[in-house]
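For reference, the structure is listed below as structure tokens.
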Amino acid sequence: MNRQQQMGPQLEQARAAFQRRAWASAQQQLAAVDQVAPLSPEDLELLAWSAALIGRDEEHLRAMERLYQAHLDAGAEERAARAAFWVGQRLLTRGEPARAGGWYARAQRLVEGRDCVEWGYLRLPLVYRNMHGGDLTAARVAAQEAAAIADRFHEVNLSAFARCLEGCALLRLGQVEAGLPLVDEAMVAVTTGQLAPLLSGFIYCSAIAGCSQAYVVDRSREWTAALADWCDAQPELVLFNAQCLIHRSELMQLAGDWQQSVEEARRATERVSQAAAVEAAGDSLYQQAEVLRLRGDWEGAERVYREATQKGREAQPGMALLRLAQGRTVDAVSALRRVLQATSPTQARLKRARFLPAFVEICLAVGELDEAERGCVELEGIARDVGTDVLRAMAAHARGAVELACGRPEAALEPLRHAFRVWNEVGAPYIAARLRVLLARACRALGDADTAALETDLAREVFQKLGALPDLANLDGVVHHPPPAAIDGAVDRRSTPAPPLPDGLTAREVEVLRLVAAGLTNKVIARKLFLSEKTIDRHLSNIFAKIDVASRAAATAYAYQRGLVEVT
């Protein structure tokens, strides 16, 4: 009896473990057999996939490279090209584009001039490259070509994956009605168990990311729940667990389950270290930082935002909102200006939509009403073209805040109420509570003190339940900040938060008020602040309305009474 015959029973057990999706058991047994007698190409492929699914990248790559060589030695060039493609695919997801490109080139050389399904797989790197480069139309075309080749060769795995990627490209283009059916079609193939495990995981993650980027929250929740069930049914699975946990963490934060959101993000970080998923590492850290910021742990949030940045994750808009909370308003505005300047208004509209609400909020906080208006108008245009309810609610939220800051509370009410209805229906209590605060301000400005008090009380209940300490402090008019850091006996003013501002005044309005109290004219103030005189006129009008005065003298008296100007 030769060695292969001796290992027959263990080999059968390994194959059975693979079929029942016991990936770790399959990998261990296949590896044990392989040490005694080299595996056949068919079993070597099982070893490669099982290693990939439990996050053992190096073992997966070694097995797949051996599979490539085995097929090449046997003259099966198309199968060798398929193996080379998968080596390239894994290297690309690990952040090694140069090595990945080499393996893709090998695959392409092997099938040059042939009519085979491998050409469909080799369209996928073009999809990724174009998506990453922002050419979503080219990405869609490449995905369509891959799907057409897959259909011609009846390759269900490639067909579903290519259609999912085409749908995601359309979603990112803002063509939600065209993109969603393609994503849903691909997900049917996944949920009915028609596809290979690795392709199923890729499609789950791609579909959820696409829906999230287009703000299709109901689909994101549906597919995230399905992905969680799929992962839970495979306890030994590592490769896709991290992304699943990150998606769950994001949705838990939205739903107000902040503690569980942090725990899921931390679990994702642990899983990421096993699966060597660089991009997911940054995402999981950013998600943790967001909850820390919302709860007022600014030191912890800053530390984790920095860690996310080290992993290659853009820490915006969270870091800018942290700077705003710390009183570092110049840093807050500058950061988001930089991000928006780096993204194309035409090719990256949904990406810009992710930053624009924070940009509007920060601009309003510092009194830059013209910039806030421009950001709001752009967000409204994106919402109008894409058409999802959540994007419309984001735009309405921004519009209501701008109208309120400009002293038009009657114009703010309808957009704020619309935004509240949507977020309340979506099940996002924190955002809904913040909208209640704006509604309270609008009602108070219109003389409806009873409704204002009710909205404020309801918002307070939510903030207390969530542990949103900064929002609670702002609601009560007192912000409890950590003490300023001391550097060589001196206070670091950059990290010293600004004191709470009275009567809804913005930081810029307080600055203007102080200069008015100093006796400066509007023209001089405009020159001093590098603003137009028209902007100063508008600021002063808003100030008069908020503090309920009718003259510069009364405004000056108010400034001294509230301690906004030091008495000399």
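We name chains A, B, ... following the order of the structure tokens; residues begin at 1 in each chain, and ligands are numbered from 1 as shown.
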Inset, instruction - Within 12 Å of A:Val330, counting only C-alpha atoms, which residues show up once you throw out same-chain ones fewer than 2 positions away? Write them as a list in words, please. - result: Ala320, Leu321, Arg323, Leu324, Ala325, Gln326, Gly327, Arg328, Ala332, Val333, Ser334, Ala335, Leu336, Arg337, Ile362, Cys363, Ala365, Val366, Gly367, Glu368, Arg494, Ala507 and Arg508 of chain A
Could those residues be written to a file, using C-alpha atoms, as a compact mmCIF listing (two decimals), in the first residue's frame?
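Result file again03.txt:
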```txt
# COMPACT_ATOMS: atom_id res chain seq x y z
CA ALA A 320 -13.10 67.63 12.22
CA LEU A 321 -16.19 67.27 14.41
CA ARG A 323 -11.90 69.58 16.67
CA LEU A 324 -15.14 71.57 16.64
CA ALA A 325 -16.12 70.08 20.01
CA GLN A 326 -12.65 70.98 21.36
CA GLY A 327 -13.03 74.57 20.23
CA ARG A 328 -10.37 74.22 17.53
CA ALA A 332 -12.09 71.81 11.92
CA VAL A 333 -12.91 73.98 8.92
CA SER A 334 -9.49 73.54 7.32
CA ALA A 335 -9.65 69.75 7.53
CA LEU A 336 -12.96 69.48 5.71
CA ARG A 337 -12.02 72.11 3.16
CA ILE A 362 -18.90 73.41 11.29
CA CYS A 363 -19.31 76.42 8.99
CA ALA A 365 -20.71 77.02 14.19
CA VAL A 366 -18.01 79.51 13.15
CA GLY A 367 -20.44 81.85 11.41
CA GLU A 368 -19.31 81.19 7.84
CA ARG A 494 -4.92 74.82 20.91
CA ALA A 507 -18.25 81.63 17.53
CA ARG A 508 -18.03 84.06 14.60
```
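Those residues that approach A:Pro181 to within 10 Å, counting only C-alpha atoms, are Arg163, Cys164, Gly167 and Met187 of chain A; same-chain residues fewer than 6 positions away are not listed.
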Export C-alpha atoms of the chosen residues as an mmCIF file, in the first residue's frame?
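Dumped to again.cif:
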```cif
data_model
loop_
_atom_site.group_PDB
_atom_site.id
_atom_site.type_symbol
_atom_site.label_atom_id
_atom_site.label_comp_id
_atom_site.auth_asym_id
_atom_site.auth_seq_id
_atom_site.Cartn_x
_atom_site.Cartn_y
_atom_site.Cartn_z
ATOM 1 C CA ARG A 163 -23.536 41.856 -11.730
ATOM 2 C CA CYS A 164 -23.034 42.841 -8.100
ATOM 3 C CA GLY A 167 -24.790 47.360 -9.513
ATOM 4 C CA MET A 187 -27.745 38.434 -3.551
#
```
Inset, instruction - Pick out the residues sitting within 9 Å of stretch 387-400 of chain A, and hand them over as a ChimeraX atom specification; count only C-alpha atoms, and ignore anything fewer than 2 positions along from it in its own chain. - result: /A:174-176,214-217,353,356-357,360-361,372-373,375-385,402-405,409,411-423,426,435,438-439
Inset, instruction - Write down as JSON, numbers by chain the residues belonging to stretch 302-499 of chain A that are assigned strand (DSSP E) by DSSP computed on the backbone. - result: {"A": [486, 487, 490, 491]}
Atoms to include: C-alpha atoms. Write the selected residues as an mmCIF file, in the first residue's frame.
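Dumped everything to out_31.cif:
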```cif
data_model
loop_
_atom_site.group_PDB
_atom_site.id
_atom_site.type_symbol
_atom_site.label_atom_id
_atom_site.label_comp_id
_atom_site.auth_asym_id
_atom_site.auth_seq_id
_atom_site.Cartn_x
_atom_site.Cartn_y
_atom_site.Cartn_z
ATOM 1 C CA ALA A 486 -0.041 72.128 30.370
ATOM 2 C CA ILE A 487 3.140 72.418 28.355
ATOM 3 C CA ALA A 490 1.824 77.101 30.128
ATOM 4 C CA VAL A 491 -1.666 76.237 28.986
#
```
